[in-house]
Every structure is written in C-alpha cells, then in structure tokens.
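Text of data21.cif (mmCIF, C-alpha atoms) as supplied:
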data_structure
loop_
_atom_site.label_atom_id
_atom_site.label_comp_id
_atom_site.auth_asym_id
_atom_site.auth_seq_id
_atom_site.Cartn_x
_atom_site.Cartn_y
_atom_site.Cartn_z
CA MET A 255 0.00 0.00 0.00
CA TRP A 256 2.99 2.29 0.34
CA ARG A 257 2.96 2.77 -3.44
CA TYR A 258 0.42 5.50 -2.52
CA LYS A 259 2.44 6.98 0.35
CA ALA A 260 2.43 10.47 -1.19
CA LEU A 261 -1.34 10.52 -0.57
CA LEU A 262 -1.14 9.17 2.99
CA PRO A 263 -0.12 10.73 6.35
CA VAL A 264 3.11 8.73 6.58
CA PRO A 265 6.84 9.64 6.29
CA THR A 266 8.61 9.27 2.97
CA ASP A 267 10.72 6.39 4.31
CA ILE A 268 7.73 4.43 5.62
CA GLU A 269 8.92 1.27 3.86
CA GLN A 270 11.86 1.09 6.28
CA SER A 271 9.59 0.77 9.34
CA PRO A 272 8.56 -2.77 10.35
CA ASN A 273 4.88 -3.37 9.55
CA THR A 274 2.71 -6.21 8.31
CA GLU A 275 2.92 -4.97 4.69
CA PRO A 276 -0.77 -5.06 3.81
CA GLY A 277 -2.49 -4.06 0.61
CA PHE A 278 -2.70 -4.66 -3.11
CA THR A 279 -5.09 -7.52 -2.58
CA ARG A 280 -6.75 -9.22 -5.51
CA LEU A 281 -9.58 -7.77 -7.55
CA LEU A 282 -11.44 -10.73 -9.03
CA GLU A 283 -13.91 -10.64 -11.87
CA ALA A 284 -16.89 -12.51 -10.41
CA LYS A 285 -18.45 -13.96 -13.56
CA ASN A 286 -20.32 -16.76 -11.80
CA LEU A 287 -21.83 -14.52 -9.12
CA ALA A 288 -22.65 -11.92 -11.76
CA ARG A 289 -24.52 -14.53 -13.79
CA GLU A 290 -26.36 -15.73 -10.67
CA LEU A 291 -27.48 -12.19 -9.79
CA GLY A 292 -28.02 -10.94 -13.33
CA ILE A 293 -25.26 -8.31 -13.31
CA ASP A 294 -23.36 -7.67 -16.54
CA LYS A 295 -19.95 -6.90 -15.01
CA LEU A 296 -19.05 -7.61 -11.37
CA TRP A 297 -15.79 -7.52 -9.43
CA VAL A 298 -14.96 -8.60 -5.87
CA LYS A 299 -12.23 -6.65 -4.09
CA ASP A 300 -11.04 -9.41 -1.75
CA ASP A 301 -9.33 -7.93 1.29
CA SER A 302 -9.48 -11.22 3.17
CA THR A 303 -5.98 -11.93 1.85
CA ASN A 304 -4.34 -9.22 3.97
CA PRO A 305 -1.85 -10.37 6.67
CA THR A 306 -4.49 -10.85 9.42
CA ASN A 307 -7.22 -11.59 6.87
CA SER A 308 -9.13 -8.32 6.89
CA PHE A 309 -8.96 -4.78 5.55
CA LYS A 310 -8.08 -3.54 9.04
CA ASP A 311 -4.41 -4.19 8.32
CA ARG A 312 -4.49 -1.15 6.02
CA VAL A 313 -5.77 1.34 8.58
CA VAL A 314 -3.57 -0.09 11.32
CA ALA A 315 -0.47 0.40 9.18
CA CYS A 316 -1.19 4.14 9.02
CA ALA A 317 -2.03 4.28 12.72
CA LEU A 318 1.21 2.48 13.58
CA SER A 319 3.19 5.10 11.66
CA ALA A 320 1.47 7.84 13.68
CA ALA A 321 2.10 6.01 16.94
CA ARG A 322 5.80 5.89 16.16
CA GLU A 323 5.94 9.58 15.31
CA LEU A 324 4.14 10.40 18.57
CA ASP A 325 6.52 8.11 20.49
CA ALA A 326 3.62 6.09 21.88
CA LYS A 327 4.40 3.60 24.62
CA VAL A 328 1.31 1.44 24.08
CA PHE A 329 -0.49 0.55 20.84
CA ALA A 330 -4.16 -0.13 21.56
CA CYS A 331 -7.72 -0.28 20.26
CA PRO A 332 -11.34 -1.04 21.04
CA SER A 333 -12.56 -3.54 18.45
CA THR A 334 -15.33 -5.75 17.14
CA GLY A 335 -12.62 -8.29 16.30
CA ASN A 336 -10.77 -7.67 13.05
CA LEU A 337 -9.12 -4.49 14.29
CA ALA A 338 -7.94 -6.26 17.43
CA ASN A 339 -6.30 -8.93 15.25
CA ALA A 340 -4.56 -6.31 13.12
CA VAL A 341 -3.38 -4.13 16.03
CA ALA A 342 -2.02 -7.07 18.01
CA ALA A 343 -0.11 -8.39 14.99
CA ALA A 344 1.24 -4.99 13.93
CA GLY A 345 2.37 -4.22 17.47
CA ALA A 346 4.20 -7.53 17.67
CA ARG A 347 5.90 -6.86 14.33
CA ALA A 348 6.94 -3.35 15.42
CA GLY A 349 8.00 -4.34 18.92
CA ILE A 350 5.46 -2.05 20.62
CA PRO A 351 3.42 -3.29 23.62
CA THR A 352 -0.23 -3.79 22.66
CA VAL A 353 -3.48 -3.83 24.61
CA VAL A 354 -6.68 -4.63 22.72
CA PHE A 355 -10.23 -4.40 24.06
CA ILE A 356 -13.12 -6.47 22.67
CA PRO A 357 -16.73 -7.28 23.59
CA SER A 358 -16.74 -10.46 25.69
CA ASN A 359 -19.26 -12.17 23.37
CA LEU A 360 -16.99 -11.94 20.32
CA GLU A 361 -16.57 -14.97 18.05
CA THR A 362 -13.93 -17.39 19.39
CA PRO A 363 -11.71 -17.34 16.26
CA LYS A 364 -11.37 -13.57 16.51
CA LYS A 365 -10.43 -13.84 20.19
CA VAL A 366 -7.78 -16.44 19.40
CA ASN A 367 -6.48 -14.46 16.42
CA SER A 368 -5.80 -11.53 18.76
CA ALA A 369 -4.59 -13.40 21.83
CA VAL A 370 -1.97 -15.29 19.84
CA PHE A 371 -0.22 -11.95 19.10
CA THR A 372 -0.59 -10.27 22.51
CA GLU A 373 -0.75 -11.24 26.16
CA LYS A 374 -3.05 -8.31 26.85
CA LEU A 375 -6.38 -9.04 25.22
CA VAL A 376 -9.09 -7.54 27.42
CA ALA A 377 -12.69 -8.82 27.10
CA VAL A 378 -15.28 -6.28 28.26
CA ASP A 379 -18.81 -7.12 29.34
CA GLY A 380 -20.84 -4.99 26.93
CA ASN A 381 -21.19 -4.20 23.24
CA TYR A 382 -18.73 -2.36 21.01
CA ASP A 383 -20.05 1.06 21.97
CA ASP A 384 -19.37 0.24 25.64
CA VAL A 385 -15.85 -0.90 24.75
CA ASN A 386 -15.24 2.25 22.71
CA LYS A 387 -16.38 4.45 25.59
CA LEU A 388 -13.95 2.69 27.93
CA ALA A 389 -11.11 3.16 25.44
CA SER A 390 -11.86 6.89 25.21
CA GLU A 391 -11.72 7.16 29.01
CA ILE A 392 -8.38 5.36 29.15
CA ALA A 393 -6.97 7.52 26.35
CA GLY A 394 -7.89 10.60 28.37
CA GLU A 395 -6.26 9.34 31.54
CA GLU A 396 -3.15 7.48 30.42
CA GLU A 397 -0.08 9.11 28.87
CA GLY A 398 1.53 7.58 25.80
CA TRP A 399 -1.35 5.34 24.72
CA ALA A 400 -2.10 5.39 20.99
CA PHE A 401 -5.63 4.09 20.48
CA VAL A 402 -5.73 3.61 16.72
CA ASN A 403 -9.41 4.46 16.27
CA VAL A 404 -9.67 7.02 19.07
CA ASN A 405 -6.82 9.49 19.58
CA VAL A 406 -4.94 8.69 16.35
CA ARG A 407 -8.13 8.08 14.33
CA PRO A 408 -7.43 10.82 11.72
CA PHE A 409 -4.26 8.95 10.67
CA TYR A 410 -5.87 5.51 10.98
CA ALA A 411 -8.89 6.33 8.81
CA GLU A 412 -6.76 7.46 5.87
CA GLY A 413 -5.56 3.88 5.37
CA SER A 414 -8.95 2.91 3.92
CA LYS A 415 -8.28 5.21 0.97
CA THR A 416 -5.86 2.61 -0.37
CA LEU A 417 -8.84 0.37 -1.16
CA GLY A 418 -10.13 3.04 -3.53
CA TYR A 419 -6.72 3.66 -5.06
CA GLU A 420 -6.17 -0.04 -5.69
CA ILE A 421 -9.59 -0.62 -7.23
CA ALA A 422 -8.97 2.22 -9.68
CA GLU A 423 -5.46 1.05 -10.53
CA GLN A 424 -6.51 -2.59 -10.93
CA LEU A 425 -9.31 -1.52 -13.27
CA GLY A 426 -6.72 0.20 -15.46
CA TRP A 427 -6.89 3.63 -13.79
CA ARG A 428 -10.62 4.09 -14.05
CA LEU A 429 -13.47 4.18 -11.55
CA PRO A 430 -16.25 1.60 -11.34
CA ASP A 431 -19.78 2.71 -12.11
CA GLN A 432 -21.10 1.33 -8.81
CA ILE A 433 -19.54 0.09 -5.56
CA VAL A 434 -21.09 -1.67 -2.56
CA ILE A 435 -19.32 -1.20 0.78
CA PRO A 436 -20.11 -2.50 4.29
CA VAL A 437 -20.95 0.09 6.95
CA ALA A 438 -19.92 -0.23 10.60
CA SER A 439 -18.59 3.15 11.76
CA GLY A 440 -18.88 4.30 8.14
CA SER A 441 -15.25 5.30 7.83
CA GLN A 442 -14.35 2.85 5.07
CA LEU A 443 -17.11 4.04 2.76
CA THR A 444 -16.24 7.70 3.28
CA LYS A 445 -12.55 7.11 2.62
CA VAL A 446 -13.10 5.08 -0.55
CA ASP A 447 -15.17 7.99 -1.86
CA LYS A 448 -12.42 10.39 -0.79
CA ALA A 449 -9.86 8.27 -2.67
CA PHE A 450 -11.94 8.39 -5.85
CA GLN A 451 -12.25 12.17 -5.55
CA GLU A 452 -8.51 12.58 -5.00
CA LEU A 453 -7.72 10.50 -8.09
CA ILE A 454 -10.10 12.66 -10.12
CA THR A 455 -8.48 15.85 -8.80
CA LEU A 456 -5.02 14.52 -9.67
CA GLY A 457 -6.13 13.63 -13.18
CA LEU A 458 -5.28 9.95 -12.71
CA VAL A 459 -8.81 8.83 -13.58
CA GLU A 460 -11.61 10.25 -15.68
CA ASP A 461 -14.09 12.44 -13.83
CA LYS A 462 -17.25 10.37 -14.24
CA PRO A 463 -20.37 9.62 -12.20
CA TYR A 464 -20.21 6.67 -9.81
CA ARG A 465 -22.74 5.39 -7.30
CA VAL A 466 -21.88 4.36 -3.73
CA PHE A 467 -24.03 1.90 -1.79
CA GLY A 468 -23.74 1.11 1.93
CA ALA A 469 -24.52 -2.32 3.42
CA GLN A 470 -25.71 -3.07 6.95
CA ALA A 471 -27.26 -5.97 8.85
CA THR A 472 -30.82 -5.29 9.96
CA GLY A 473 -29.90 -6.01 13.60
CA CYS A 474 -27.58 -2.99 13.55
CA SER A 475 -28.75 -0.69 10.80
CA PRO A 476 -29.01 2.88 12.12
CA VAL A 477 -27.64 4.39 8.90
CA SER A 478 -29.95 2.35 6.66
CA VAL A 479 -32.94 3.31 8.82
CA ALA A 480 -32.02 7.01 8.54
CA TYR A 481 -31.53 6.72 4.78
CA LYS A 482 -34.93 5.13 4.26
CA ALA A 483 -36.57 7.69 6.54
CA GLU A 484 -34.98 10.46 4.45
CA THR A 485 -33.52 12.05 7.56
CA ASP A 486 -30.04 13.06 8.72
CA ALA A 487 -30.78 12.01 12.30
CA ILE A 488 -29.06 8.70 13.02
CA ARG A 489 -30.53 7.15 16.15
CA PRO A 490 -28.10 4.90 18.06
CA VAL A 491 -29.22 1.28 18.44
CA LYS A 492 -28.23 -1.71 20.54
CA PRO A 493 -26.71 -4.21 18.09
CA ASP A 494 -28.33 -7.61 17.68
CA THR A 495 -26.79 -9.36 14.69
CA ILE A 496 -24.38 -12.15 13.78
CA ALA A 497 -22.41 -9.56 11.78
CA LYS A 498 -20.42 -8.54 14.85
CA SER A 499 -17.73 -6.74 12.86
CA LEU A 500 -20.46 -4.35 11.69
CA ALA A 501 -22.14 -4.12 15.10
CA ILE A 502 -21.53 -0.46 15.89
CA GLY A 503 -24.77 1.01 17.14
CA ASN A 504 -23.59 4.63 17.14
CA PRO A 505 -21.57 5.00 13.92
CA ALA A 506 -19.16 7.95 14.06
CA ASP A 507 -19.24 8.60 10.31
CA GLY A 508 -22.84 7.62 9.64
CA ILE A 509 -23.91 11.13 8.66
CA TYR A 510 -21.15 11.27 6.04
CA VAL A 511 -22.24 7.91 4.65
CA LEU A 512 -25.72 9.36 4.14
CA ASP A 513 -24.26 12.42 2.39
CA ILE A 514 -22.13 10.34 0.01
CA CYS A 515 -24.79 7.78 -0.89
CA ARG A 516 -27.32 10.52 -1.57
CA ARG A 517 -24.85 12.69 -3.50
CA THR A 518 -23.83 9.83 -5.79
CA GLY A 519 -27.31 8.41 -6.34
CA GLY A 520 -26.61 5.29 -4.32
CA ALA A 521 -28.42 3.96 -1.25
CA VAL A 522 -27.97 2.33 2.15
CA GLU A 523 -29.69 -1.03 2.52
CA ASP A 524 -29.85 -3.77 5.15
CA ILE A 525 -30.57 -7.51 5.28
CA SER A 526 -31.48 -10.11 7.91
CA ASP A 527 -29.02 -12.48 9.56
CA ASP A 528 -30.41 -15.38 7.54
CA GLU A 529 -29.74 -13.43 4.35
CA VAL A 530 -26.20 -12.80 5.59
CA ARG A 531 -25.67 -16.55 6.05
CA ASP A 532 -27.14 -17.30 2.62
CA ALA A 533 -24.85 -14.76 0.99
CA ILE A 534 -21.74 -16.22 2.62
CA VAL A 535 -22.56 -19.58 1.07
CA LEU A 536 -23.51 -17.96 -2.25
CA LEU A 537 -20.16 -16.20 -2.62
CA ALA A 538 -18.25 -19.31 -1.61
CA ARG A 539 -20.05 -21.57 -4.06
CA THR A 540 -20.00 -19.20 -7.00
CA GLU A 541 -16.52 -17.66 -6.69
CA GLY A 542 -14.56 -19.78 -4.21
CA ILE A 543 -14.26 -16.87 -1.76
CA PHE A 544 -15.06 -17.60 1.88
CA THR A 545 -16.17 -14.37 3.50
CA GLU A 546 -17.03 -13.52 7.09
CA THR A 547 -20.38 -12.05 8.12
CA ALA A 548 -19.44 -8.51 7.03
CA GLY A 549 -18.78 -9.73 3.50
CA GLY A 550 -21.95 -11.80 3.68
CA THR A 551 -23.79 -8.61 4.52
CA THR A 552 -22.29 -6.79 1.56
CA VAL A 553 -22.98 -9.57 -0.95
CA GLY A 554 -26.46 -10.06 0.47
CA VAL A 555 -27.18 -6.35 0.15
CA LEU A 556 -25.87 -6.45 -3.42
CA LYS A 557 -28.40 -9.20 -4.14
CA LYS A 558 -31.19 -7.18 -2.52
CA LEU A 559 -30.24 -4.03 -4.44
CA VAL A 560 -30.60 -6.00 -7.67
CA GLU A 561 -33.92 -7.55 -6.65
CA THR A 562 -35.37 -4.18 -5.60
CA GLY A 563 -34.15 -2.37 -8.71
CA GLN A 564 -31.92 0.03 -6.80
CA LEU A 565 -28.76 -1.12 -8.58
CA ASP A 566 -28.32 -0.83 -12.34
CA THR A 567 -27.33 -4.32 -13.48
CA SER A 568 -25.96 -3.01 -16.79
CA LEU A 569 -23.22 -0.98 -15.04
CA GLU A 570 -19.82 -2.21 -13.90
CA THR A 571 -20.01 -2.92 -10.18
CA VAL A 572 -17.47 -3.63 -7.41
CA VAL A 573 -18.31 -5.25 -4.09
CA ILE A 574 -15.81 -5.21 -1.22
CA ASN A 575 -15.10 -8.32 0.85
CA THR A 576 -13.48 -7.07 4.05
CA GLY A 577 -12.62 -10.30 5.91
CA HIS A 578 -12.11 -14.07 5.82
CA GLY A 579 -14.82 -16.58 6.68
CA LEU A 580 -12.55 -18.58 8.99
CA LYS A 581 -13.11 -15.76 11.50
CA THR A 582 -16.86 -16.43 11.73
CA LEU A 583 -17.26 -20.18 11.20
CA ASP A 584 -20.20 -20.46 13.58
CA SER A 585 -22.34 -18.32 11.29
CA VAL A 586 -22.60 -21.07 8.67
CA SER A 587 -21.53 -24.21 10.52
CA ASP A 588 -25.14 -25.41 10.73
CA ARG A 589 -25.73 -24.77 7.02
CA VAL A 590 -22.85 -26.66 5.47
CA GLY A 591 -21.34 -30.10 6.06
CA PRO A 592 -21.01 -33.56 4.55
CA ALA A 593 -23.59 -34.33 1.90
CA ALA A 594 -23.42 -37.97 2.98
CA THR A 595 -21.57 -40.28 5.37
CA ILE A 596 -20.83 -43.59 3.67
CA ALA A 597 -18.93 -46.85 4.02
CA PRO A 598 -15.57 -46.99 2.22
CA SER A 599 -16.92 -48.83 -0.85
CA TYR A 600 -17.90 -47.93 -4.39
CA ASP A 601 -21.36 -49.42 -3.92
CA ALA A 602 -21.95 -47.18 -0.91
CA PHE A 603 -20.82 -44.17 -2.93
CA VAL A 604 -23.25 -44.99 -5.74
CA ALA A 605 -26.07 -45.59 -3.26
CA SER A 606 -25.49 -42.20 -1.62
CA GLY A 607 -26.87 -40.41 -4.66
CA ILE A 608 -23.97 -37.97 -4.81
CA LEU A 609 -23.80 -38.47 -8.58
#

Can the structure from this file be put into structure tokens for me?
Amino acid sequence: MWRYKALLPVPTDIEQSPNTEPGFTRLLEAKNLARELGIDKLWVKDDSTNPTNSFKDRVVACALSAARELDAKVFACPSTGNLANAVAAAGARAGIPTVVFIPSNLETPKKVNSAVFTEKLVAVDGNYDDVNKLASEIAGEEEGWAFVNVNVRPFYAEGSKTLGYEIAEQLGWRLPDQIVIPVASGSQLTKVDKAFQELITLGLVEDKPYRVFGAQATGCSPVSVAYKAETDAIRPVKPDTIAKSLAIGNPADGIYVLDICRRTGGAVEDISDDEVRDAIVLLARTEGIFTETAGGTTVGVLKKLVETGQLDTSLETVVINTGHGLKTLDSVSDRVGPAATIAPSYDAFVASGIL
C-alpha cells in the first residue's frame, strides 16, 4: 500500500519501518456470481488476503506510523474483532506493547487471532459502543497510549483510501460505475469515496459519475434506517446481529455515509441475519471466496439491491469483501457439512446419490 504513500499521512521512508505490509489484494472478476445475480460486469475486491485476513491491516499500518511519530508507549484499540487482530499483529511486528479491548461475546476465532499476538487481550462485558467508551476514558487518563481508532483516528482512517486507489489502478486507472461497501462506523465508505475524488483531482482517472451503496445488517442498521426515513438524524441502536464486525450502534461517520450515498445516487440497505448466512454460502459456491459475516452482509445487500431495482445491473459494479470466513465459522456451521456419510466402498458411494 505504500505505493500510494504520497497521498497518505506517513513519512517518505515508511517502507523502512517494520509493519505487516498489507495491501494490493486481488480484484477478481466474479463472472459466476454476476450470472447468478443478473449483473453484466461484477468484481470482488477481496481484502481477506491481507496479513491478518481483513482490511483492518491497512488502517492499522497508518495508525502504527502515527504512533511511532508520537513516540507512543502502548499501541491499543477497542474492536469488534478484526481491528484487534490487526493491532495485536502490527504491534508484535513493530515491537510495541499492545493492549486490545473487545466485547466479551466476540466470536472465538477472533479472540484467538488476537490473543496469539498479545498477552493483553481484554474482554469487556458490553457491546462495542461500551468498549469504545472505555477506550476513550483510558486515552484521556493514560499518557503515551495510541488508540488507533480514538486518539490517532485521523491517521488511521486514511488507510482505507488505499482500497479506492487499488480498485482504480486494478481496473486500469478508471473508476467503477457502482460500488457496494459495508458500513460499521462508516469510515471505510467515506474514505473510498475520498480516494476516488482525489484521483479525479489529480487527473489519474476520468471524472465520471459513480454510485456508492452502503450495506448493513438489519440487527444494527441505524444508517440504513435514517436513509430510508430520508432524515439526517441517526438514532443509536443496541446491536443484535451475527455480523459482529459491523455491530456499531452509534456510527461515528454515519452522517457522512448518508451524504455520500445521496450525492452519488446510491443507497444504504440492510438484510437479515439469515440473508447474511445465505450470501456467505452464495459467494463461496459461485466464486470460491469464503467471507465472514461482514462480506456476507455486503454480498447479500448487493443481491437485494438487484432484486429491488436500486442497482443498475448493466453498469460495472465492485463489491468489497473485508474479511475471511474462517473468522466467523459459527455463522454457517449449521448450514454446510457432509452431503453424505458412507462406508468406504464404491457401492456405498453410488447408493449415496452424490452423482
């Protein structure tokens, strides 16, 4: 991602600083999924192949640079899971002590994927908004703590721009007509739009219309609710969804998501947990990409946008997969499994009806 360092808040010699080296993940043409959904041209930006298997490695890389410049003694974060994984790993790589805070009901794989990198994983009884409030209190009381998404958030958030830069470069330095992005705090969506605008200003891509769509799970959909109500007032909610990485009930950048989706002619939509599960399986079985619940939300919303006529199926579309399905196995473990259990004989195989 440092190929874009001139557009990021990092020093010119950033490559010399130890980091997890995220970015430039694959952009796959999803012909099978496109055919299934009736879309003429569809791409999946697959950020599950980053070092800790989510897009959070990008934002953490920028936050780590800021922490170094500020001479931070502790590298920390409140997290719904993926960020905790990325912060713990980046801190280990950089040799900076890390403390990461998560909701106590987080999926087990995400707990393990953080605890393996740090001895100081702290589980908090409460939801993400409770954890975030605690982190803000600690940041105000303790000297030398760099909370990536609290007191160094302006640096951290800029890392998401690299998703937009890469999509444009991988498309041959042009912008997609439509893009579907998951919404938790809303930062990723706003920064992808900012990246597109910067590339236009620099003359690296053609100035053309593009539509931005936000995706949420119904159990935590304050931005979608506000969009549909045609209001700017985003009412905080208590999350109740399997899409825990999107379970931020009081999204910091929600108002900006509304502005961008309305300005570009897009929308913010939400789907049920069952639709999230179905979409995880759909993406896996059409494109061989195993996504977590956030990606299931995005693909499921893409499907809903097509079915409701909100998305133009004749236009080139990109959907972002932000994390790997191995992080949220429980979400689909009751939906997939052996098609048959048979004796080790050819006759048993034939009798199973697999063929």

Margin query: Residues within 9 Å of range 256-266 of chain A, please, as a PyMOL selection string. Count all atoms listed in the file; anything in the same chain fewer than 6 positions from it doesn't count.
Written below: chain A and resi 275-277+316+319-320+409+412-413+415-416+419+452

Margin query: So that I can see what lies close to range 429-434 of chain A, please list as a PyMOL selection string the residues with an atom at most 6 Å from it, counting only C-alpha atoms and leaving out residues fewer than 6 positions away in the same chain.
Written below: chain A and resi 422+464-468+569-573

Notebook entry, point to check: Quick one: of A:Ser368, A:Thr540, A:Ser585, A:Thr352, who's nearest to Ala284 in chain A, counting all atoms listed in the file?
Noted result: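 Using all atoms listed in the file, the shortest distance to Ala284 in chain A belongs to A:Thr540.
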
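For the set A:Gln270, A:Pro408, A:Thr485, A:Asp528, the residue with the smallest atom-to-atom gap to Arg589 in chain A is A:Asp528, counting only C-alpha atoms.
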
Next item on the list: Do a neighbour search on Asp486 in chain A at 8 Å with only C-alpha atoms, toss out local chain neighbours closer than 4 positions, and write the hits as an NGL selection string.
Entry: :A and (480-481 or 509 or 512)

Notebook entry, point to check: Mind pulling up the distance from CA of Arg428 in chain A to CA of Gly577 in chain A?
Noted result: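 We find that CA of Gly577 in chain A and CA of Arg428 in chain A lie 24.7 Å from each other.
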
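Under the PyMOL selection byres ((chain A and resi 517) around 12), the matching residues in the shown file are Asp447, Pro463, Tyr464, Arg465, Val466, Phe467, Tyr510, Val511, Leu512, Asp513, Ile514, Cys515, Arg516, Thr518, Gly519, Gly520 and Ala521 of chain A.
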
Notebook entry, point to check: So which residues get picked by the PyMOL selection byres ((chain A and resi 553) around 8) here, written as a VMD selection string?
Noted result: chain A and resid 530 533 to 534 537 549 to 552 554 to 557 573

Can you write out the residues you just picked, keeping C-alpha atoms, as a compact mmCIF listing (two decimals), in the frame of the given file?
# COMPACT_ATOMS: atom_id res chain seq x y z
CA VAL A 530 -26.20 -12.80 5.59
CA ALA A 533 -24.85 -14.76 0.99
CA ILE A 534 -21.74 -16.22 2.62
CA LEU A 537 -20.16 -16.20 -2.62
CA GLY A 549 -18.78 -9.73 3.50
CA GLY A 550 -21.95 -11.80 3.68
CA THR A 551 -23.79 -8.61 4.52
CA THR A 552 -22.29 -6.79 1.56
CA GLY A 554 -26.46 -10.06 0.47
CA VAL A 555 -27.18 -6.35 0.15
CA LEU A 556 -25.87 -6.45 -3.42
CA LYS A 557 -28.40 -9.20 -4.14
CA VAL A 573 -18.31 -5.25 -4.09
